[in-house]
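Asks: Questions regarding the structure given below will be posed in turn.
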Amino acid sequence: MIEAFLENNEEIYRIFFYTARPKNINEIPNVYKTEQEKNYYRKYEEKINDFLERIAIEPYIALRLGIY
């Protein structure tokens with residue numbers, strides 16, 4: 001994936017991503033009031049977590065997960 005962004009003679013050592021996983025919806029009181037809003041959040045929470053898991057195994061990637 002990363003190689004697609006490099007020039008022919010360009011080399012990289014590592015790309016660092018500093019981020020955090022999304023909060024669980026139960027830890028965010030009074031923000032999402034309807035079931036539709038909660039389902040929308042859960043859908044994107046799952047997509048974000050899947051992305052973080054996939055990117056963590058890519059070559060040249062160093063993932064630094066902080067706390068939220």
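How things are named: the first chain in the structure tokens is A, the next is B, and so on; residues count from 1 in each chain; ligands count from 1 in the order shown.
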Please run DSSP on the backbone and report, as a CSV table (one decimal) with N, CA and C atoms, in the first residue's frame, all residues within chain A that come out as strand (DSSP E or B).
Replies:
```
chain,number,residue,atom,x,y,z
A,15,ILE,N,6.8,5.0,9.0
A,15,ILE,CA,5.8,6.0,9.1
A,15,ILE,C,5.0,5.8,10.4
A,16,PHE,N,5.0,6.8,11.2
A,16,PHE,CA,4.3,6.7,12.5
A,16,PHE,C,3.0,7.3,12.4
A,17,PHE,N,2.0,6.6,13.0
A,17,PHE,CA,0.6,7.1,13.1
A,17,PHE,C,0.4,7.2,14.6
A,18,TYR,N,0.1,8.4,15.1
A,18,TYR,CA,-0.3,8.6,16.5
A,18,TYR,C,-1.8,8.9,16.5
A,19,THR,N,-2.5,8.0,17.2
A,19,THR,CA,-3.9,8.1,17.2
A,19,THR,C,-4.5,7.4,18.4
A,61,ILE,N,4.9,0.7,8.8
A,61,ILE,CA,4.0,1.4,9.6
A,61,ILE,C,4.2,1.1,11.1
A,62,ALA,N,4.3,2.2,11.9
A,62,ALA,CA,4.3,2.0,13.3
A,62,ALA,C,3.1,2.8,13.9
A,63,LEU,N,2.3,2.0,14.6
A,63,LEU,CA,1.0,2.6,15.1
A,63,LEU,C,1.2,2.8,16.6
A,64,ARG,N,1.0,4.1,17.0
A,64,ARG,CA,1.1,4.4,18.4
A,64,ARG,C,-0.3,4.8,18.9
A,65,LEU,N,-0.9,3.9,19.7
A,65,LEU,CA,-2.2,4.2,20.2
A,65,LEU,C,-2.2,4.8,21.6
```
Asks: Closest to Leu52 in chain A among A:Ala20, A:Val31, A:Leu6, A:Ile12, using only C-alpha atoms?
Replies: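 Looking only at the distances to Leu52 in chain A, the closest residue turns out to be A:Ala20.
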Asks: Would you mind listing what lies within 9 Å of range 35-49 of chain A as a PyMOL selection string, with only C-alpha atoms counted and same-chain residues fewer than 5 positions away left out?
Replies: chain A and resi 21-25+54
Asks: Pick out each residue of range 32-62 of chain A that DSSP on the backbone tags as helix (DSSP H, G or I); I need them as a PyMOL selection string.
Replies: chain A and resi 35-55
Asks: Suppose you want the space between CA of Phe5 in chain A and CA of Glu53 in chain A; what is it in Å?
Replies: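 Separating CA of Phe5 in chain A from CA of Glu53 in chain A is a distance of 20.7 Å.
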Asks: Could you work out how far CA of Asp50 in chain A lies from CA of Thr34 in chain A, giving the answer in Å with one decimal?
Replies: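 Taking CA of Thr34 in chain A as the start and CA of Asp50 in chain A as the end point, the length is 24.6 Å.
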